[in-house]
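Reading through the structure tokens given below for one structure.
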Amino acid sequence: MTYDLLIQNAQILDGTGAPAVAGSVAVQDGNIAAVGDVSGTAHRVIDAKGQTLSPGFIDIHTHMDAQLLWDPLATSTCWHGVTTLILGNCSFAIAPCRPEDHELALKTLVRVEGMSLEALEAGVDWAWETYPQYLDRLDRQLGLNVVAFMGYSSIRQYVMGADAVEREATPDEIEKLQAVVREGLDAGAYGISFNHNPGHVDAFGRPIPCRLANFDELKAMVSMLNGRSAGTIQMSGNPNPAASIPENADVLAQVSGRPVLWSSIIQLFSQPEVWKERLQAAEAQMAAGSLSRGLCTPRTIDVLFTLKNAHIFDGLPAWKAVLTKTPEDVMAALRQPETREALRHDLADTGLRIAFSRRWDMVELVEAKQAKNKPLERRMISDIAAEQGRDPLDVFLDLCLDDKLDTEFLTVLANADEEAAATILKQPYTAIGLSDAGAHAALECGYGFSTHLLGYWVREKQIMPLPEAVRKLTSMLTDLLGLKDRGRIQEGQVADLVLFDPETINCLPGEITYDLPAGARRFIQKSTGISYTIVNGQVLMENNEHAGCYPGQVLRLA
């Protein structure tokens, strides 16, 4: 037989966690036709000697909803062995959306997900209103496969208008909301996402719509998944303070009959015990047979920020009240002693659960615009304050005022404690993802979570065997999503594959480019050690170069 593609002499990791076996994989009509000792010829043969062949990786938490419209390759995700990405997380989406809400939708993405308004305005064509129409628009040209969650903040805004950020839904509105969810699921959306993070506000400083939804409303929405053979729920924050995040995830899983991915299990200096509590809860969930899984990430979450995009402070009431104003009003407020005292009071309130570490020894001055402050670049705020004999907060704010809020700082938000991060990652029940690809593109880049896991954590730190790491990037996630035909190297499975060298695979440092629509800035991140990424049986990437085809598709819920 003559196959379309034959990959010979590979060390095959089938995605189940089993050890590698030597052999070949044949691909025909987009599917895996034979595995092992394969005879026959092929139109294209790849010699994989010295390399490992695995199922394509899954990026389970992205915000690529807009970027895919102008960047069908999903850069930088495509450079890290990913063959399927999931969008619509954290209740944010750009569908459904009425024309009069276009500006609000984009500005909310700017506020919460750190996107460029200029890029969004130039790159989003708004060739849809409903969710089915959005999926059809997305499906025109894709390099990678896409699984789409419906963002509940977008659904609420679509149905309730201005009231979505003011109150709970009425019984009549609940039925209308369910109808929109049902329509999206019937069109192929793979689930729904919720967000009750108290730090997430819209462009005007109001709670995002999902935060006004009570737990009964959420249960009514997830019931639309009940009886379906696939689909998943994503949940950020706590929708029901009477119970913990993992407990609420279990309730939604029971109501829907589908897995719930809850965010997140990460180490934060501002919340030193939370990761331990959540890890214990995740272990108990697995032991009890729960469908819920806590999300984690192998990367440190490093953020480059200015006070014009400082979402990391939004969990602090006084900071949020100031930073959601116009730049001129922000500067006027920061010059007032009473404002600074309010900001200082918030930082001292350890009862507020925030992302910012509250540690000025972890805030680095990256770039000052004023010449007088240039000598202070690449130094920590705490060191500058000690040298000047001043309070770190005042030093920080005065630097910002000197540059009209354009001073750039770098800080680590999560996973700086490597022992904690390793403990979280290596547990068999934690789901690895949280790249946040597409979000905060001018401030950070987490695209290389998969290559960083395999290069740094597996090869260098040896926290888990390579087969287990591959399982956690492939079949574990496809099983949670209900993608039954992907995630394993087995005959009959779709040929989403990645060929890599386990001795060299890793992610490279981020690079700044200005290639977004309207010339907006972003970070990109490439990798080493990946030879081929194959999507639906076609070579998409060869040695980090696009092969020219666009074999991806929207994977629709049946």
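Here, A, B, ... name the chains of the structure tokens in the order displayed, residue numbers run from 1 inside each chain, and ligands are numbered from 1 in the same displayed order.
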
query: Counting only C-alpha atoms, what is within 7 Å of Met541 in chain A, bar same-chain residues fewer than 6 positions away, as a ChimeraX atom specification?
result: /A:532-533,547

Given only C-alpha atoms, how would the per-residue table for range 29-128 of chain A near range 427-444 of chain A read, listing every residue at most 9 Å away with its closest atom pair and distance in Å to one decimal, sorted by chain and number, as JSON lines?
{"residue": "A:Ile58", "atom": "CA", "partner": "A:Gly433", "partner_atom": "CA", "distance": 8.1}
{"residue": "A:Asp59", "atom": "CA", "partner": "A:Gly433", "partner_atom": "CA", "distance": 5.9}
{"residue": "A:Ile60", "atom": "CA", "partner": "A:Gly433", "partner_atom": "CA", "distance": 5.5}
{"residue": "A:His61", "atom": "CA", "partner": "A:Leu434", "partner_atom": "CA", "distance": 4.9}
{"residue": "A:Thr62", "atom": "CA", "partner": "A:Asp436", "partner_atom": "CA", "distance": 4.4}
{"residue": "A:His63", "atom": "CA", "partner": "A:Gly438", "partner_atom": "CA", "distance": 4.9}
{"residue": "A:Met64", "atom": "CA", "partner": "A:Gly438", "partner_atom": "CA", "distance": 4.7}
{"residue": "A:Asp65", "atom": "CA", "partner": "A:Gly438", "partner_atom": "CA", "distance": 7.9}
{"residue": "A:Ala66", "atom": "CA", "partner": "A:Gly438", "partner_atom": "CA", "distance": 8.1}
{"residue": "A:Gln67", "atom": "CA", "partner": "A:Gly438", "partner_atom": "CA", "distance": 6.5}
{"residue": "A:Leu68", "atom": "CA", "partner": "A:Gly438", "partner_atom": "CA", "distance": 9.0}
{"residue": "A:Ala74", "atom": "CA", "partner": "A:Gly438", "partner_atom": "CA", "distance": 8.4}
{"residue": "A:Thr75", "atom": "CA", "partner": "A:Gly438", "partner_atom": "CA", "distance": 8.9}
{"residue": "A:Ser76", "atom": "CA", "partner": "A:Ala437", "partner_atom": "CA", "distance": 8.0}
{"residue": "A:Thr77", "atom": "CA", "partner": "A:Ala437", "partner_atom": "CA", "distance": 7.2}
{"residue": "A:Asn89", "atom": "CA", "partner": "A:Asp436", "partner_atom": "CA", "distance": 9.0}
{"residue": "A:Leu109", "atom": "CA", "partner": "A:Ala439", "partner_atom": "CA", "distance": 8.3}
{"residue": "A:Val110", "atom": "CA", "partner": "A:His440", "partner_atom": "CA", "distance": 8.6}
{"residue": "A:Val112", "atom": "CA", "partner": "A:Ala439", "partner_atom": "CA", "distance": 8.8}
{"residue": "A:Glu113", "atom": "CA", "partner": "A:Ala439", "partner_atom": "CA", "distance": 5.0}
{"residue": "A:Gly114", "atom": "CA", "partner": "A:His440", "partner_atom": "CA", "distance": 4.2}
{"residue": "A:Met115", "atom": "CA", "partner": "A:His440", "partner_atom": "CA", "distance": 5.6}
{"residue": "A:Ser116", "atom": "CA", "partner": "A:Ala442", "partner_atom": "CA", "distance": 7.9}

Please identify every residue of range 63-87 of chain A that has at least one atom no farther than 7 Å from an atom of range 140-157 of chain A, counting only C-alpha atoms, and for each give the shortest atom pair and the distance in Å to one decimal, arranged by chain then increasing number, as JSON lines.
{"residue": "A:Pro72", "atom": "CA", "partner": "A:Leu142", "partner_atom": "CA", "distance": 4.6}
{"residue": "A:Leu73", "atom": "CA", "partner": "A:Gly143", "partner_atom": "CA", "distance": 4.6}
{"residue": "A:Thr83", "atom": "CA", "partner": "A:Leu144", "partner_atom": "CA", "distance": 5.3}
{"residue": "A:Thr84", "atom": "CA", "partner": "A:Asn145", "partner_atom": "CA", "distance": 4.5}
{"residue": "A:Leu85", "atom": "CA", "partner": "A:Val146", "partner_atom": "CA", "distance": 5.2}
{"residue": "A:Ile86", "atom": "CA", "partner": "A:Val147", "partner_atom": "CA", "distance": 4.7}
{"residue": "A:Leu87", "atom": "CA", "partner": "A:Ala148", "partner_atom": "CA", "distance": 5.1}

query: Contacts of range 210-221 of chain A at 9 Å or less, counting only C-alpha atoms, minus same-chain residues fewer than 5 places along, as a PyMOL selection string?
result: chain A and resi 91+151-157+164-169+174-175+177-178+181-182+192+194-198+200+239-240+248+251-252+255-256

So that I have them on file, write out the residues from the current selection with C-alpha atoms, as a PDB file, in the first residue's frame.
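Saved as out23.pdb:
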ATOM      1  CA  SER A  91     -16.109  33.721  30.290  1.00  0.00           C
ATOM      2  CA  GLY A 151     -17.844  32.644  27.210  1.00  0.00           C
ATOM      3  CA  TYR A 152     -20.672  33.273  29.653  1.00  0.00           C
ATOM      4  CA  SER A 153     -19.949  36.981  30.125  1.00  0.00           C
ATOM      5  CA  SER A 154     -20.511  37.420  26.388  1.00  0.00           C
ATOM      6  CA  ILE A 155     -23.730  35.382  26.500  1.00  0.00           C
ATOM      7  CA  ARG A 156     -25.058  37.394  29.436  1.00  0.00           C
ATOM      8  CA  GLN A 157     -24.297  40.707  27.717  1.00  0.00           C
ATOM      9  CA  ALA A 164     -25.811  42.030  32.667  1.00  0.00           C
ATOM     10  CA  VAL A 165     -23.418  43.972  34.903  1.00  0.00           C
ATOM     11  CA  GLU A 166     -26.101  45.069  37.375  1.00  0.00           C
ATOM     12  CA  ARG A 167     -28.132  42.110  38.636  1.00  0.00           C
ATOM     13  CA  GLU A 168     -29.070  38.439  38.626  1.00  0.00           C
ATOM     14  CA  ALA A 169     -31.122  37.039  35.766  1.00  0.00           C
ATOM     15  CA  ILE A 174     -32.654  32.250  32.357  1.00  0.00           C
ATOM     16  CA  GLU A 175     -34.641  30.563  29.601  1.00  0.00           C
ATOM     17  CA  LEU A 177     -29.749  32.448  28.245  1.00  0.00           C
ATOM     18  CA  GLN A 178     -30.226  28.676  28.048  1.00  0.00           C
ATOM     19  CA  VAL A 181     -26.175  28.209  25.142  1.00  0.00           C
ATOM     20  CA  ARG A 182     -28.142  25.418  23.484  1.00  0.00           C
ATOM     21  CA  ILE A 192     -19.002  26.933  28.420  1.00  0.00           C
ATOM     22  CA  PHE A 194     -17.418  30.986  33.770  1.00  0.00           C
ATOM     23  CA  ASN A 195     -15.456  33.609  35.674  1.00  0.00           C
ATOM     24  CA  HIS A 196     -16.095  34.917  39.189  1.00  0.00           C
ATOM     25  CA  ASN A 197     -12.638  36.367  39.739  1.00  0.00           C
ATOM     26  CA  PRO A 198     -13.240  39.457  41.922  1.00  0.00           C
ATOM     27  CA  HIS A 200     -11.898  41.072  36.747  1.00  0.00           C
ATOM     28  CA  PRO A 239     -19.151  31.307  41.960  1.00  0.00           C
ATOM     29  CA  ASN A 240     -20.491  30.184  45.349  1.00  0.00           C
ATOM     30  CA  ASN A 248     -18.385  24.036  43.341  1.00  0.00           C
ATOM     31  CA  VAL A 251     -21.497  20.335  41.728  1.00  0.00           C
ATOM     32  CA  LEU A 252     -21.335  21.671  38.162  1.00  0.00           C
ATOM     33  CA  VAL A 255     -25.369  18.701  37.103  1.00  0.00           C
ATOM     34  CA  SER A 256     -23.839  18.596  33.620  1.00  0.00           C
TER      35      SER A 256
END

For Arg44 in chain A, please output as a PDB file with N, CA and C atoms, in the first residue's frame all residues within 8 Å (counting only C-alpha atoms; exclusion window: fewer than 3 positions along the same chain).
ATOM      1  N   ASP A   4      -0.094   8.141   2.520  1.00  0.00           N
ATOM      2  CA  ASP A   4       0.167   9.568   2.310  1.00  0.00           C
ATOM      3  C   ASP A   4       1.475   9.983   2.982  1.00  0.00           C
ATOM      4  N   LEU A   5       1.707   9.461   4.188  1.00  0.00           N
ATOM      5  CA  LEU A   5       2.876   9.853   4.981  1.00  0.00           C
ATOM      6  C   LEU A   5       3.330   8.649   5.793  1.00  0.00           C
ATOM      7  N   LEU A   6       4.642   8.456   5.867  1.00  0.00           N
ATOM      8  CA  LEU A   6       5.201   7.384   6.675  1.00  0.00           C
ATOM      9  C   LEU A   6       6.340   7.957   7.512  1.00  0.00           C
TER      10      LEU A   6
END

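By only C-alpha atoms, and with residues fewer than 3 positions from Asp37 in chain A along its chain excluded, the set lying at most 9 Å from it is Ala22, Gly23, Ser24, Val25 and Ala34 of chain A.
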
Prev. selection, N, CA, C and O atoms, output as a PDB file, in the first residue's frame:
ATOM      1  N   ALA A  22      10.013   1.395  19.699  1.00  0.00           N
ATOM      2  CA  ALA A  22      10.553   1.723  18.387  1.00  0.00           C
ATOM      3  C   ALA A  22       9.586   1.259  17.307  1.00  0.00           C
ATOM      4  O   ALA A  22       8.977   0.196  17.407  1.00  0.00           O
ATOM      5  N   GLY A  23       9.437   2.078  16.281  1.00  0.00           N
ATOM      6  CA  GLY A  23       8.553   1.682  15.206  1.00  0.00           C
ATOM      7  C   GLY A  23       8.254   2.806  14.241  1.00  0.00           C
ATOM      8  O   GLY A  23       8.894   3.861  14.259  1.00  0.00           O
ATOM      9  N   SER A  24       7.273   2.568  13.409  1.00  0.00           N
ATOM     10  CA  SER A  24       6.870   3.532  12.383  1.00  0.00           C
ATOM     11  C   SER A  24       5.382   3.808  12.511  1.00  0.00           C
ATOM     12  O   SER A  24       4.625   3.008  13.088  1.00  0.00           O
ATOM     13  N   VAL A  25       4.969   4.928  11.943  1.00  0.00           N
ATOM     14  CA  VAL A  25       3.554   5.300  11.917  1.00  0.00           C
ATOM     15  C   VAL A  25       3.198   5.715  10.497  1.00  0.00           C
ATOM     16  O   VAL A  25       3.867   6.573   9.896  1.00  0.00           O
ATOM     17  N   ALA A  34      -1.500   2.771  10.412  1.00  0.00           N
ATOM     18  CA  ALA A  34      -0.739   1.620  10.924  1.00  0.00           C
ATOM     19  C   ALA A  34       0.321   2.121  11.884  1.00  0.00           C
ATOM     20  O   ALA A  34       0.858   3.223  11.740  1.00  0.00           O
TER      21      ALA A  34
END

task: Fewer than 6 positions away in the same chain doesn't count, so skip those; otherwise give me all residues within 10 Å of Glu542 in chain A, counting only C-alpha atoms, as a PyMOL selection string.
output: chain A and resi 79+499+530-534

message: When you look at Ala203 in chain A with a cut-off of 10 Å (counting only C-alpha atoms), what residues show up, excluding the ones that are within fewer than 2 positions of it in the same chain? I need them as an NGL selection string.
response: :A and (103-112 or 200-201 or 205-208 or 324-325)

query: So how far away is CA of Gly191 in chain A from CA of Ser223 in chain A, in Å?
result: 11.0 Å

query: How many Å separate CA of Ala26 in chain A from CA of Pro551 in chain A?
result: 17.7 Å

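For the atom pair formed by CA of Gly17 in chain A and CA of Arg228 in chain A, the distance is 27.6 Å, given to one decimal.
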
List every residue of range 54-139 of chain A that has an atom at most 7 Å from any atom of range 505-517 of chain A, and for each one report the closest atom pair and its distance in Å to one decimal, counting only C-alpha atoms, with rows sorted by chain and then by increasing residue number, as a Markdown table.
| residue | atom | partner | partner_atom | distance |
| --- | --- | --- | --- | --- |
| A:Ala119 | CA | A:Pro517 | CA | 4.6 |
| A:Ala122 | CA | A:Pro517 | CA | 5.7 |
| A:Gly123 | CA | A:Pro517 | CA | 5.7 |

- request: Write down as a PyMOL selection string the residues belonging to range 210-387 of chain A that are assigned helix (DSSP H, G or I) by DSSP computed on the backbone.
  value: chain A and resi 210-212+215-225+245-256+274-287+311-313+317-323+327-334+337-348+360-362+371-376+381-387

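Nearest to Trp360 in chain A of all the residues A:Asn238, A:Ser382, A:Asn373, A:Thr528 is A:Ser382, counting only C-alpha atoms.
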